[in-house]
Amino acid sequence: MSTLQLFILLSPDSYIYLGWGGLTLLSLIVVLVSWRTRRRWLRWTLIVPLLLFWHIFLWGTYVGFRKVEVVHIEFASRDLPEAFDGYRIVQISDIHVGTYTGNRRCILEALVDSINAQHADLVVFTGDMQNKEASEIVACQDILKKIKSHDGVISILGNHDYPIYIDTTAINEYERYLCLGRTVEAQREMGWKVLMNGHLDIERDSAHIVIAGMENDGEGGRSPQKGDINTTLRGVSRDEFVVMLEHDPYSWRHRILPHSHAQLTLSGHTHAGQISLLGFSPAVFKFKEYQGLYKEGDRALYVSKGVGGVVPIRFGATGEIAVITLKKP
């Protein structure tokens with residue numbers, strides 16, 4: 001079992017206990033050093049960062065993780081049919097339902113209420129429904145199936161939705177395949193349409209737009225490369241308006257921009273680092289696009305900060321519901 005697999009196997013509350021334990025131990029060390037030193041500057045050099053760590057931990061765990069903001073974005077495209085001018089898509093991402101246990105379950109219920117309050121034409125989910133296995137989704141089906149919109153809910157898979165975080169010594173390859181099937185089926189049982197390298201049309205009057213869903217297409221390793229853009233867009237003509245759902249924003253520059261005409265891509269995966277201090281997030285070291293709207297000519301990528309996480313903490317990177325309004329210039 002890898003170190004990362006062991007890390008994911010921990011329960012969400014374990015991270016909180018580790019935070020309390022680690023910061024308490026660090027506090028004892030700082031107190032001891034401060035008591036023994038006569039250098040005032042050294043005392044404050046140790047105490048100020050310690051207080052900051054405590055603030056980030058306590059606020060991020062007990063307040064920040066429970067907050068969700070509604071973000072409004074407009075995307076205009078000449079390729080959009082007139083019938084879809086003003087069409088509202090609500091994007092949610094990275095729920096990680098396995099983290100919503102115990103008293104955090106009410107956060108998930110409030111999230112669903114906030115989504116429904118947007119009265120969307122369409123709700124899309126851009127991956128990472130679970131932390132590790134489908135049983136987490138099954139435990140929350142009664143809440144998630146309440147998400148409603150005029151055109152339903154469309155979902156894709158994120159890296160956590162594949163059985164890559166399950167101990168490889170515990171199951172064989174066939175059992176891993178069954179795990180993936182259970183993850184997909186758990187979402188379909190809620191009435192969600194799961195796209196796996198496929199697409200469907202949304203119709204208004206005599207016009208339509210294409211919602212395409214590609215499987216996770218990351219850099220490899222723990223962000224598997226399962227995406228096939230040719231299969232995803234097979235039969236889609238160049239004059240059609242396409243909203244591409246892809247969990248990992250890495251794929252936008254490496255696959256979607258050069259090998260498709262998809263006008264708008266919606267991604268997640270980054271969580272905006274979950275911690276951002278004075279506008280700086282550690283996500284910047286790993287991702288070229290890690291939160292918000294990015295444009296290349298008349299094409300765009302929106303990266304959601306997501307709403308959850310394996311580790312239940314958010315500081316300066318509040319979870320979000322993105323309301324994307326399509327406009328005809």
# chains A, B, ... in the order shown; residues from 1 in each chain; ligands from 1

call {"tool": "residues_around", "arguments": {"residues": "range 220-228 of chain A", "least_positions_apart": "4", "cutoff": "10 Å", "atoms": "only C-alpha atoms", "output": "list in words"}}
result
Leu4, Leu157, Gly158, Asn159, His160, Tyr162, Ile164, Tyr165, Met196, Asn197, Gly198, Gly213, Met214, Glu215, Asn216, Thr232, Leu233, Glu246, His247, Asp248, Tyr250, Ser251, Arg255 and His269 of chain A

call {"tool": "select_by_dssp", "arguments": {"residues": "range 50-163 of chain A", "states": "helix (DSSP H, G or I)", "output": "ChimeraX atom specification"}}
result
/A:50-62,64-66,82-84,97-99,102-116,135-138,141-144,159-161

call {"tool": "residues_around", "arguments": {"residues": "range 117-131 of chain A", "least_positions_apart": "4", "cutoff": "8 Å", "atoms": "only C-alpha atoms", "output": "PyMOL selection string"}}
result
chain A and resi 8+87-99+113+136-137+148-161+245-247+266-269+310+323

call {"tool": "atom_distance", "arguments": {"atom1": "CA of Arg36 in chain A", "atom2": "CA of Leu52 in chain A"}}
result
22.2 Å

call {"tool": "closest_residue", "arguments": {"among": "A:Tyr294, A:Lys288, A:Phe65, A:Arg299", "to": "Ser260 in chain A", "atoms": "only C-alpha atoms"}}
result
A:Arg299

call {"tool": "atom_distance", "arguments": {"atom1": "CA of Gly218 in chain A", "atom2": "CA of Val184 in chain A"}}
result
19.4 Å
